[in-house]
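Chemist: Below is the file work_10.cif, with mmCIF, C-alpha atoms.
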```cif
data_my_file
#
loop_
_atom_site.label_atom_id
_atom_site.label_comp_id
_atom_site.auth_asym_id
_atom_site.auth_seq_id
_atom_site.Cartn_x
_atom_site.Cartn_y
_atom_site.Cartn_z
CA MET N 1 -10.98 -3.89 53.05
CA GLY N 2 -8.07 -2.12 54.74
CA ARG N 3 -4.66 -2.22 53.10
CA THR N 4 -1.17 -1.44 54.30
CA ILE N 5 0.21 1.90 53.16
CA ILE N 6 3.46 3.70 53.96
CA THR N 7 3.61 7.49 53.98
CA VAL N 8 7.06 9.02 53.55
CA ASP N 9 7.54 12.72 54.27
CA ASP N 10 9.98 14.80 56.27
CA ALA N 11 7.17 17.25 57.09
CA ALA N 12 5.49 15.71 60.13
CA THR N 13 2.27 17.68 59.57
CA ILE N 14 1.74 16.27 56.08
CA ARG N 15 2.76 12.78 57.16
CA LYS N 16 0.36 12.81 60.10
CA MET N 17 -2.45 14.23 58.00
CA VAL N 18 -2.00 11.50 55.38
CA ALA N 19 -1.81 8.82 58.07
CA PHE N 20 -4.86 10.17 59.94
CA THR N 21 -6.92 10.27 56.73
CA LEU N 22 -5.96 6.79 55.61
CA ARG N 23 -6.41 5.22 59.06
CA GLY N 24 -9.85 6.80 59.16
CA ALA N 25 -10.61 4.94 55.93
CA GLY N 26 -9.61 1.64 57.54
CA HIS N 27 -6.05 1.26 56.27
CA GLU N 28 -2.98 0.32 58.28
CA VAL N 29 -0.40 3.09 57.89
CA LEU N 30 3.36 3.01 58.38
CA GLU N 31 5.33 6.25 58.57
CA ALA N 32 8.88 7.20 57.54
CA GLN N 33 10.68 10.54 57.60
CA ASP N 34 12.78 10.11 54.45
CA GLY N 35 13.69 7.70 51.68
CA VAL N 36 16.47 5.96 53.58
CA ILE N 37 14.23 5.11 56.52
CA ALA N 38 11.44 4.03 54.20
CA LEU N 39 13.75 1.79 52.22
CA ASN N 40 14.96 0.14 55.42
CA VAL N 41 11.39 -0.52 56.54
CA LEU N 42 10.36 -1.82 53.13
CA GLN N 43 13.26 -4.27 52.86
CA SER N 44 11.45 -6.43 55.38
CA ARG N 45 7.85 -5.32 55.12
CA ALA N 46 5.49 -5.54 52.15
CA VAL N 47 2.94 -2.78 51.64
CA ASP N 48 0.11 -2.24 49.15
CA LEU N 49 0.90 1.41 48.41
CA VAL N 50 3.77 3.86 48.90
CA ILE N 51 2.96 7.56 49.22
CA THR N 52 6.12 9.64 49.22
CA ASP N 53 7.04 13.28 49.16
CA VAL N 54 9.49 14.25 46.39
CA ASN N 55 11.78 16.65 48.24
CA MET N 56 13.28 15.09 51.36
CA PRO N 57 16.72 14.98 52.99
CA ASN N 58 18.98 11.91 52.72
CA MET N 59 17.00 10.29 49.92
CA ASN N 60 14.28 12.01 47.91
CA GLY N 61 11.06 10.41 46.74
CA ILE N 62 12.20 9.90 43.16
CA GLU N 63 15.34 8.06 44.22
CA LEU N 64 13.26 6.01 46.66
CA THR N 65 10.92 5.07 43.79
CA ARG N 66 13.87 4.14 41.59
CA ARG N 67 15.37 1.92 44.32
CA LEU N 68 12.04 0.28 45.13
CA ARG N 69 11.57 -0.69 41.49
CA THR N 70 14.78 -2.70 41.67
CA LEU N 71 13.28 -4.86 44.44
CA PRO N 72 11.29 -7.81 43.05
CA SER N 73 8.54 -7.41 45.63
CA PHE N 74 8.00 -3.77 44.61
CA HIS N 75 7.85 -4.13 40.81
CA ARG N 76 4.10 -3.67 40.77
CA THR N 77 3.40 -1.84 44.03
CA PRO N 78 1.85 1.55 43.27
CA VAL N 79 4.00 4.53 44.24
CA LEU N 80 2.31 7.91 44.56
CA LEU N 81 4.43 11.07 44.54
CA LEU N 82 3.53 14.20 46.49
CA THR N 83 4.69 17.16 44.41
CA THR N 84 4.29 20.90 44.30
CA GLU N 85 2.48 22.67 41.50
CA SER N 86 5.62 24.41 40.27
CA ASP N 87 7.61 21.36 39.27
CA PRO N 88 6.14 19.66 36.17
CA ALA N 89 9.61 18.39 35.35
CA LYS N 90 9.59 16.45 38.61
CA LYS N 91 6.36 14.77 37.53
CA ALA N 92 8.06 13.58 34.36
CA GLU N 93 11.14 12.51 36.30
CA GLY N 94 8.95 10.61 38.72
CA ARG N 95 7.24 8.76 35.90
CA ALA N 96 10.60 7.81 34.43
CA ALA N 97 11.67 6.50 37.85
CA GLY N 98 8.63 4.22 37.95
CA ALA N 99 6.05 6.21 39.93
CA THR N 100 2.41 5.35 39.36
CA GLY N 101 0.95 8.83 39.78
CA TRP N 102 1.17 12.13 41.59
CA ILE N 103 -0.85 14.37 43.81
CA VAL N 104 -0.23 18.09 44.17
CA LYS N 105 0.23 19.60 47.63
CA PRO N 106 -1.80 20.94 49.28
CA PHE N 107 -4.53 18.38 48.78
CA SER N 108 -7.79 17.63 50.52
CA GLN N 109 -8.65 14.45 52.37
CA GLU N 110 -11.24 13.70 49.68
CA GLN N 111 -8.65 14.01 46.91
CA LEU N 112 -6.26 11.72 48.75
CA LEU N 113 -8.92 9.10 49.35
CA ALA N 114 -10.10 9.35 45.73
CA ILE N 115 -6.70 8.58 44.25
CA VAL N 116 -5.99 5.85 46.83
CA ALA N 117 -9.31 4.24 45.88
CA LYS N 118 -8.25 4.35 42.22
CA LEU N 119 -4.91 2.74 43.02
CA LEU N 120 -6.30 0.15 45.43
CA PRO N 121 -9.70 -0.81 44.04
CA GLY N 122 -11.92 -3.23 45.95
CA MET V 1 -15.75 15.59 34.44
CA LEU V 2 -14.33 18.74 32.74
CA ASN V 3 -16.36 21.87 33.42
CA PRO V 4 -16.64 24.67 30.80
CA SER V 5 -14.01 26.89 32.42
CA ASP V 6 -11.52 24.00 32.63
CA PHE V 7 -12.22 23.26 28.98
CA LYS V 8 -11.68 26.88 27.95
CA ARG V 9 -8.43 27.08 29.91
CA ALA V 10 -7.10 23.88 28.35
CA ILE V 11 -8.03 25.07 24.84
CA GLN V 12 -6.24 28.36 25.48
CA ALA V 13 -3.19 26.50 26.73
CA VAL V 14 -3.03 24.49 23.49
CA ASP V 15 -3.61 27.65 21.42
CA ALA V 16 -0.67 29.21 23.25
CA LEU V 17 1.64 26.54 21.85
CA GLY V 18 1.95 28.86 18.86
CA ALA V 19 0.42 26.54 16.31
CA THR V 20 -1.38 27.80 13.24
CA PRO V 21 -4.24 25.37 12.63
CA THR V 22 -6.59 27.99 11.23
CA VAL V 23 -4.05 28.76 8.51
CA LEU V 24 -4.05 25.08 7.59
CA VAL V 25 -7.85 25.06 7.30
CA LYS V 26 -7.84 28.14 5.05
CA ALA V 27 -4.91 26.89 2.96
CA ALA V 28 -6.65 23.54 2.42
CA GLU V 29 -9.82 25.37 1.32
CA LEU V 30 -7.85 27.47 -1.14
CA ALA V 31 -6.04 24.43 -2.47
CA LYS V 32 -9.34 22.71 -3.27
CA ASP V 33 -10.61 25.69 -5.26
CA PRO V 34 -9.54 25.30 -8.92
CA ASN V 35 -9.61 29.08 -9.33
CA THR V 36 -7.09 29.66 -6.55
CA ASP V 37 -3.72 30.90 -7.70
CA LEU V 38 -0.42 30.70 -5.85
CA ASP V 39 -0.60 34.37 -4.93
CA ALA V 40 -3.68 33.76 -2.79
CA ILE V 41 -1.90 30.99 -0.87
CA GLY V 42 1.15 33.21 -0.51
CA GLU V 43 -0.96 36.06 0.83
CA LEU V 44 -2.48 33.78 3.44
CA LEU V 45 0.82 32.30 4.61
CA ARG V 46 2.63 35.62 4.61
CA ASN V 47 0.55 36.64 7.64
CA ASP V 48 2.11 33.88 9.72
CA GLY V 49 5.76 34.79 10.11
CA PRO V 50 7.10 31.58 11.67
CA LEU V 51 5.16 29.44 9.21
CA ALA V 52 6.36 31.47 6.21
CA ALA V 53 9.92 31.11 7.47
CA ASP V 54 9.49 27.34 7.81
CA ILE V 55 8.15 27.05 4.26
CA ILE V 56 11.11 28.99 2.85
CA ARG V 57 13.52 26.89 4.91
CA ILE V 58 11.95 23.60 3.86
CA SER V 59 11.74 24.60 0.19
CA ASN V 60 15.51 25.05 0.37
CA SER V 61 16.11 21.75 2.17
CA PRO V 62 17.62 18.68 0.49
CA TYR V 63 14.11 17.16 0.48
CA TYR V 64 13.15 19.42 -2.43
CA ALA V 65 16.67 19.64 -3.87
CA PRO V 66 16.35 23.21 -5.21
CA ALA V 67 18.70 24.34 -7.98
CA THR V 68 18.78 27.84 -6.53
CA PHE V 69 18.20 29.29 -3.08
CA HIS V 70 14.67 30.65 -2.50
CA SER V 71 14.89 33.79 -0.45
CA ASN V 72 11.20 34.64 -0.26
CA LEU V 73 7.83 33.01 0.23
CA THR V 74 6.59 33.56 -3.35
CA ALA V 75 9.63 31.84 -4.81
CA ALA V 76 9.32 28.99 -2.30
CA ILE V 77 5.63 28.39 -3.06
CA ASN V 78 6.16 28.63 -6.81
CA TYR V 79 8.89 26.04 -6.55
CA ILE V 80 7.22 23.42 -4.40
CA GLY V 81 3.63 23.98 -5.60
CA VAL V 82 0.30 24.28 -3.81
CA ARG V 83 -0.10 20.63 -2.88
CA GLU V 84 3.33 20.49 -1.31
CA VAL V 85 2.65 23.73 0.55
CA ILE V 86 -0.29 22.04 2.24
CA ARG V 87 1.95 19.12 3.21
CA VAL V 88 4.57 21.49 4.58
CA VAL V 89 1.94 23.45 6.52
CA ASN V 90 0.80 20.13 7.99
CA LEU V 91 4.35 19.19 8.97
CA CYS V 92 5.03 22.61 10.51
CA LEU V 93 1.77 22.52 12.40
CA ALA V 94 2.51 19.06 13.76
CA GLN V 95 6.01 20.10 14.73
CA GLN V 96 4.69 23.10 16.66
CA LEU V 97 1.96 21.14 18.40
CA PHE V 98 4.01 18.08 19.14
CA ALA V 99 7.18 19.88 20.21
CA ARG V 100 6.71 18.96 23.84
CA ASP V 101 6.87 15.60 25.57
CA LEU V 102 3.63 14.16 26.92
CA PRO V 103 4.80 13.13 30.40
CA SER V 104 1.41 11.80 31.50
CA TYR V 105 1.60 9.29 28.66
CA GLY V 106 5.36 8.75 28.77
CA ILE V 107 5.53 9.68 25.08
CA SER V 108 8.41 11.81 23.83
CA ALA V 109 7.83 14.70 21.43
CA SER V 110 9.98 13.01 18.84
CA ASP V 111 8.04 9.72 19.01
CA TYR V 112 4.73 11.54 18.85
CA TRP V 113 5.76 13.57 15.81
CA SER V 114 7.16 10.49 14.06
CA HIS V 115 4.00 8.50 14.70
CA SER V 116 1.86 11.32 13.31
CA VAL V 117 3.97 11.69 10.17
CA ALA V 118 3.97 7.92 9.60
CA ALA V 119 0.18 7.83 9.92
CA ALA V 120 -0.13 10.73 7.49
CA LEU V 121 2.00 9.00 4.87
CA VAL V 122 0.10 5.71 5.10
CA MET V 123 -3.24 7.53 5.05
CA GLU V 124 -2.23 9.48 1.97
CA ALA V 125 -1.11 6.33 0.15
CA LEU V 126 -4.23 4.35 1.09
CA ALA V 127 -6.49 7.24 0.08
CA GLY V 128 -5.02 7.00 -3.40
CA HIS V 129 -6.18 3.37 -3.57
CA ALA V 130 -9.57 4.15 -2.07
CA GLY V 131 -10.34 7.10 -4.32
CA LEU V 132 -10.54 9.45 -1.32
CA ASN V 133 -8.99 12.92 -1.11
CA GLN V 134 -5.29 12.38 -0.38
CA ASP V 135 -4.71 15.82 1.11
CA ASP V 136 -7.55 15.36 3.58
CA ALA V 137 -6.25 11.89 4.41
CA TYR V 138 -2.77 13.30 5.08
CA THR V 139 -4.21 15.93 7.43
CA VAL V 140 -6.34 13.37 9.28
CA GLY V 141 -3.30 11.13 9.68
CA ILE V 142 -1.09 13.82 11.08
CA LEU V 143 -3.75 15.14 13.46
CA HIS V 144 -5.46 11.90 14.47
CA ALA V 145 -3.89 11.87 17.96
CA ILE V 146 -3.87 15.64 18.52
CA GLY V 147 -6.31 15.06 21.40
CA ARG V 148 -3.42 13.76 23.50
CA VAL V 149 -1.85 17.22 23.55
CA PHE V 150 -5.12 18.53 24.92
CA ILE V 151 -5.53 15.74 27.47
CA ASN V 152 -1.93 16.19 28.63
CA ARG V 153 -2.66 19.87 29.28
CA VAL V 154 -5.82 19.02 31.20
CA ILE V 155 -3.95 16.48 33.33
CA GLU V 156 -1.17 18.97 34.08
CA GLU V 157 -3.80 21.25 35.59
CA GLN V 158 -5.37 18.51 37.70
CA ARG V 159 -4.62 18.10 41.39
CA PHE V 160 -3.83 14.42 41.00
CA THR V 161 -3.50 11.74 38.40
CA ILE V 162 -2.28 8.25 37.65
CA TYR V 163 0.18 7.95 34.77
CA TRP V 164 -0.68 5.73 31.83
CA ASP V 165 1.02 2.40 32.56
CA GLY V 166 1.42 1.32 28.95
CA GLN V 167 -0.70 -1.81 29.59
CA GLN V 168 -4.25 -0.52 29.96
CA PRO V 169 -5.91 0.48 26.65
CA ILE V 170 -4.92 4.12 26.31
CA GLN V 171 -8.46 5.33 25.71
CA ASP V 172 -9.67 3.61 28.91
CA TRP V 173 -6.97 5.37 30.90
CA GLU V 174 -7.87 8.71 29.31
CA ARG V 175 -11.54 8.30 30.18
CA SER V 176 -10.73 7.47 33.80
CA ALA V 177 -8.24 10.36 34.04
CA VAL V 178 -10.20 13.18 32.40
CA GLY V 179 -13.58 11.81 31.38
CA PHE V 180 -13.04 11.51 27.62
CA ASP V 181 -10.60 9.90 25.20
CA TYR V 182 -8.13 11.39 22.71
CA ALA V 183 -10.56 10.91 19.84
CA GLU V 184 -13.19 13.10 21.50
CA ALA V 185 -10.55 15.58 22.70
CA GLY V 186 -9.09 15.84 19.19
CA ALA V 187 -12.50 16.45 17.67
CA MET V 188 -13.17 19.19 20.23
CA LEU V 189 -9.88 20.88 19.38
CA LEU V 190 -10.46 20.69 15.63
CA GLU V 191 -14.00 22.05 16.03
CA HIS V 192 -12.57 24.93 18.04
CA TRP V 193 -10.17 25.61 15.16
CA ARG V 194 -13.07 25.35 12.67
CA PHE V 195 -11.81 22.36 10.74
CA PRO V 196 -14.34 20.88 8.29
CA LYS V 197 -17.04 18.81 9.96
CA THR V 198 -16.00 15.67 8.07
CA THR V 199 -12.45 15.94 9.45
CA CYS V 200 -13.73 16.49 13.00
CA ASN V 201 -16.06 13.49 12.74
CA THR V 202 -13.32 11.24 11.38
CA ILE V 203 -11.17 12.09 14.39
CA ARG V 204 -14.12 11.73 16.80
CA TRP V 205 -15.21 8.26 15.61
CA GLN V 206 -11.77 6.77 14.96
CA LEU V 207 -12.09 4.40 17.94
CA THR V 208 -15.55 3.17 16.99
CA PRO V 209 -15.38 -0.13 15.11
CA GLY V 210 -16.90 -0.12 11.65
CA LYS V 211 -19.52 -2.58 10.51
CA PRO V 212 -18.86 -5.27 7.89
CA GLY V 213 -19.92 -4.20 4.42
CA GLU V 214 -19.77 -0.48 5.16
CA PRO V 215 -18.45 1.61 2.26
CA VAL V 216 -14.80 2.60 2.45
CA SER V 217 -14.54 5.80 4.47
CA MET V 218 -11.88 8.06 5.92
CA ILE V 219 -12.59 6.55 9.38
CA GLY V 220 -12.02 3.03 8.04
CA LEU V 221 -8.86 4.29 6.36
CA LEU V 222 -7.56 5.68 9.66
CA GLN V 223 -8.39 2.49 11.54
CA PHE V 224 -6.67 0.36 8.91
CA THR V 225 -3.67 2.69 9.05
CA GLN V 226 -3.49 2.16 12.82
CA ARG V 227 -3.63 -1.60 12.37
CA LEU V 228 -0.82 -1.47 9.81
CA LEU V 229 1.37 0.78 11.96
CA ALA V 230 0.88 -1.57 14.92
CA LEU V 231 2.50 -4.23 12.71
CA THR V 232 5.21 -2.13 11.07
CA GLY V 233 6.06 -0.08 14.16
CA PHE V 234 5.23 3.60 14.46
CA LYS V 235 8.51 4.50 12.77
CA PHE V 236 8.34 1.56 10.33
CA GLU V 237 11.12 0.05 12.41
CA ASN V 238 9.88 -3.58 12.34
CA THR V 239 11.74 -5.18 9.47
CA ASP V 240 10.15 -8.63 9.90
CA TRP V 241 6.50 -7.54 9.95
CA GLN V 242 3.93 -9.45 7.92
CA PRO V 243 1.00 -7.80 6.15
CA PRO V 244 -2.43 -8.89 7.37
CA GLY V 245 -3.77 -11.82 5.38
CA ALA V 246 -7.49 -11.38 5.80
CA ASP V 247 -8.25 -7.81 6.79
CA PRO V 248 -11.77 -6.91 5.62
CA PHE V 249 -10.74 -3.35 4.88
CA ALA V 250 -7.80 -4.50 2.76
CA GLN V 251 -10.14 -6.83 0.90
CA ALA V 252 -12.58 -3.98 0.29
CA LEU V 253 -9.73 -2.00 -1.24
CA GLU V 254 -8.55 -5.09 -3.14
CA LEU V 255 -5.15 -4.79 -1.49
CA THR V 256 -3.13 -8.00 -1.51
CA PRO V 257 -0.39 -8.68 1.09
CA ASP V 258 2.17 -7.94 -1.65
CA SER V 259 0.61 -4.62 -2.54
CA ILE V 260 0.40 -3.66 1.15
CA SER V 261 4.09 -4.50 1.58
CA HIS V 262 4.90 -2.39 -1.45
CA LEU V 263 2.82 0.52 -0.16
CA ILE V 264 4.50 0.39 3.26
CA SER V 265 7.90 0.19 1.63
CA ILE V 266 7.19 3.43 -0.26
CA CYS V 267 5.92 5.10 2.92
CA ARG V 268 9.01 3.96 4.84
CA ASP V 269 11.32 5.49 2.22
CA GLU V 270 9.35 8.73 2.25
CA PHE V 271 9.39 8.75 6.05
CA GLN V 272 13.17 8.38 6.08
CA ARG V 273 13.53 11.16 3.53
CA ILE V 274 11.43 13.46 5.69
CA LEU V 275 13.36 12.59 8.84
CA GLN V 276 16.73 13.02 7.17
CA SER V 277 16.06 15.98 4.93
CA VAL V 278 13.41 18.15 6.51
CA ASP V 279 14.97 19.60 9.60
CA LEU V 280 12.02 20.95 11.53
CA SER V 281 13.94 21.49 14.70
#
```
For the structure just supplied, provide its representation as structure tokens.
Modeler:
Amino acid sequence: MGRTIITVDDAATIRKMVAFTLRGAGHEVLEAQDGVIALNVLQSRAVDLVITDVNMPNMNGIELTRRLRTLPSFHRTPVLLLTTESDPAKKAEGRAAGATGWIVKPFSQEQLLAIVAKLLPG
Amino acid sequence: MLNPSDFKRAIQAVDALGATPTVLVKAAELAKDPNTDLDAIGELLRNDGPLAADIIRISNSPYYAPATFHSNLTAAINYIGVREVIRVVNLCLAQQLFARDLPSYGISASDYWSHSVAAALVMEALAGHAGLNQDDAYTVGILHAIGRVFINRVIEEQRFTIYWDGQQPIQDWERSAVGFDYAEAGAMLLEHWRFPKTTCNTIRWQLTPGKPGEPVSMIGLLQFTQRLLALTGFKFENTDWQPPGADPFAQALELTPDSISHLISICRDEFQRILQSVDLS
């Protein structure tokens, strides 16, 4: 069953690749270019999963996660961080902010679908 | 889920933490031999510079309240004795292995070390009641969750993961994340370091429930220790905890609620003394 997912990334290529992969799997996908835009969208729109890059202008993915966790409707919504291999500290920071997991860039379509399936079973 | 090359790389990463588990295995063997003298232990530990330095430092700490300063390893070992040397080697080993946070679990290095020391103290005390080897029990207690260090390393090398949420049983999360739990991972590590088979098996089967009427074993001791620490808190911080009234393992050891409270009280005092006096930082 398709779910609603938002992908947040200032890199259009990554954002489109994530959206293309998830739409191909039957999900509805919203897109945002940074944390501020995503937060605005999510104030009025519930989603089943947030996939966000860490490093973005205006508001990064960790701050977005932190702000989302203050919203009652996002207490339990899974938030997946897109990180780079060289920043293990960011992974820890993301966990502390309330992220649910992480995926290292670059990733394959299969890896993305595998972790989404784990986060959104059934 | 983990192929042999992944396994080898993860083992090497843990080895690179600078720990000295093989020294602990050899020291424990020497300590059990009635013909071993202190010189043999000293010779073994002398080969590990950081460990020797830690033993000298700890022998001079307020924990052991020395009358004079020990400037060398021989003096330190002579002062604290073989049995205490094994305890100190255990503490140093744990400190080296557990010096890093486990971000995948959300467990800090300090909490992990404290939990391991608390388990070691309770294990040692219970072993005295059960007639089991107290030194072995102490080692099992301090290393019972060593597999988490290994699993954390494996996860750090993965392309993606989901953090432990603190709600799901931790072993279920570990199996879904890497294919095995911390008990199996710990046993694999200890086998790699050539720990005695009985120690490896105790770690491996620690999550497997015992059967009623089974003789008291080190595995049962570890499981009972875990049940007690869940009540007392992993740093003995719960002041209003109540000892279990009808625990089959306690009954097998003929431990009453009062005697369990007394045992925990002694462990709590010892734990505080270690935290306050033995600066392993």
Chemist: Would you pick out the contacts of Pro106 of chain N at 9 Å or less, using all atoms listed in the file, so that residues sharing its chain but fewer than 5 positions from it are not included, and give the list as a list in words?
Modeler: Ile14, Thr83 and Thr84 of chain N; Arg159 of chain V
Chemist: Find the residues of chain N that sit at most 7 Å from chain V; for each, write down the nearest two atoms and how far apart they are in Å, to one decimal. Count all atoms listed in the file. Sort by chain, then by number going up, and give it as a Markdown table.
Modeler:
```
| residue | atom | partner | partner_atom | distance |
| --- | --- | --- | --- | --- |
| N:Ala92 | CA | V:Pro103 | CA | 5.1 |
| N:Thr100 | CA | V:Tyr163 | CA | 5.7 |
| N:Gly101 | CA | V:Ile162 | CA | 3.9 |
| N:Trp102 | CA | V:Phe160 | CA | 5.5 |
| N:Ile103 | CA | V:Phe160 | CA | 4.1 |
| N:Val104 | CA | V:Arg159 | CA | 5.2 |
```
Chemist: May I have the selected residues written with C-alpha atoms, as a PDB file, in the coordinates of the input?
Modeler:
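That gives us result.pdb:
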```
ATOM      1  CA  ALA N  92       8.060  13.580  34.360  1.00  0.00           C
ATOM      2  CA  THR N 100       2.410   5.350  39.360  1.00  0.00           C
ATOM      3  CA  GLY N 101       0.950   8.830  39.780  1.00  0.00           C
ATOM      4  CA  TRP N 102       1.170  12.130  41.590  1.00  0.00           C
ATOM      5  CA  ILE N 103      -0.850  14.370  43.810  1.00  0.00           C
ATOM      6  CA  VAL N 104      -0.230  18.090  44.170  1.00  0.00           C
TER       7      VAL N 104
END
```
Chemist: What's around Val41 of chain N at 10 Å? Count only C-alpha atoms, leave out sequence neighbours fewer than 3 positions away in its own chain, and write the answer as a list in words.
Modeler: Ile6, Leu30, Glu31, Ala32, Gly35, Val36, Ile37, Ala38, Ser44, Arg45 and Ala46 of chain N
Chemist: Quote the spacing between atom CA of Val8 of chain N and atom CA of Ile115 of chain N in Å to one decimal place.
Modeler: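 The value is 16.6 Å.
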Chemist: I'd like to know which of V:Val154, V:Leu51, V:Val82, V:Leu73 is closest to Ala13 of chain V, using only C-alpha atoms.
Modeler: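 So, comparing all the options, the nearest one is V:Val154.
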Chemist: Might you spell out which residues the PyMOL selection byres ((chain N and resi 26) around 12) would select in the displayed file, as a PyMOL selection string?
Modeler: chain N and resi 1-5+19-25+27-29+113+117
Chemist: For atom CA of Ala119 of chain V and atom CA of Arg268 of chain V, quote the distance in Å rounded to one decimal.
Modeler: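 Distance between the two atoms: 10.9 Å.
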Chemist: If the PyMOL selection byres ((chain V and resi 14) around 10) were run on this exact file, what residues would it hold? Put them as an MDAnalysis selection string.
Modeler: chainID V and resid 9:13 15:19 97 149:154 189
Chemist: Out of N:Met56, N:Asp10, N:Val47, N:Gly122, which residue has the shortest atom-to-atom distance to Ser73 of chain N when counting all atoms listed in the file?
Modeler: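 Answer, going by the shortest atom-to-atom distance: N:Val47.
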Chemist: Name the residues that the PyMOL selection byres ((chain V and resi 123) around 7) pulls out of this structure, and write them as number ranges by chain.
Modeler: V: 119-122, 124-127, 137-138, 141, 221-222, 225
Chemist: Using Å and a single decimal, report how far atom CA of Trp205 of chain V sits from atom CA of Gln223 of chain V.
Modeler: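 Result for atom CA of Gln223 of chain V versus atom CA of Trp205 of chain V: 9.8 Å, one decimal.
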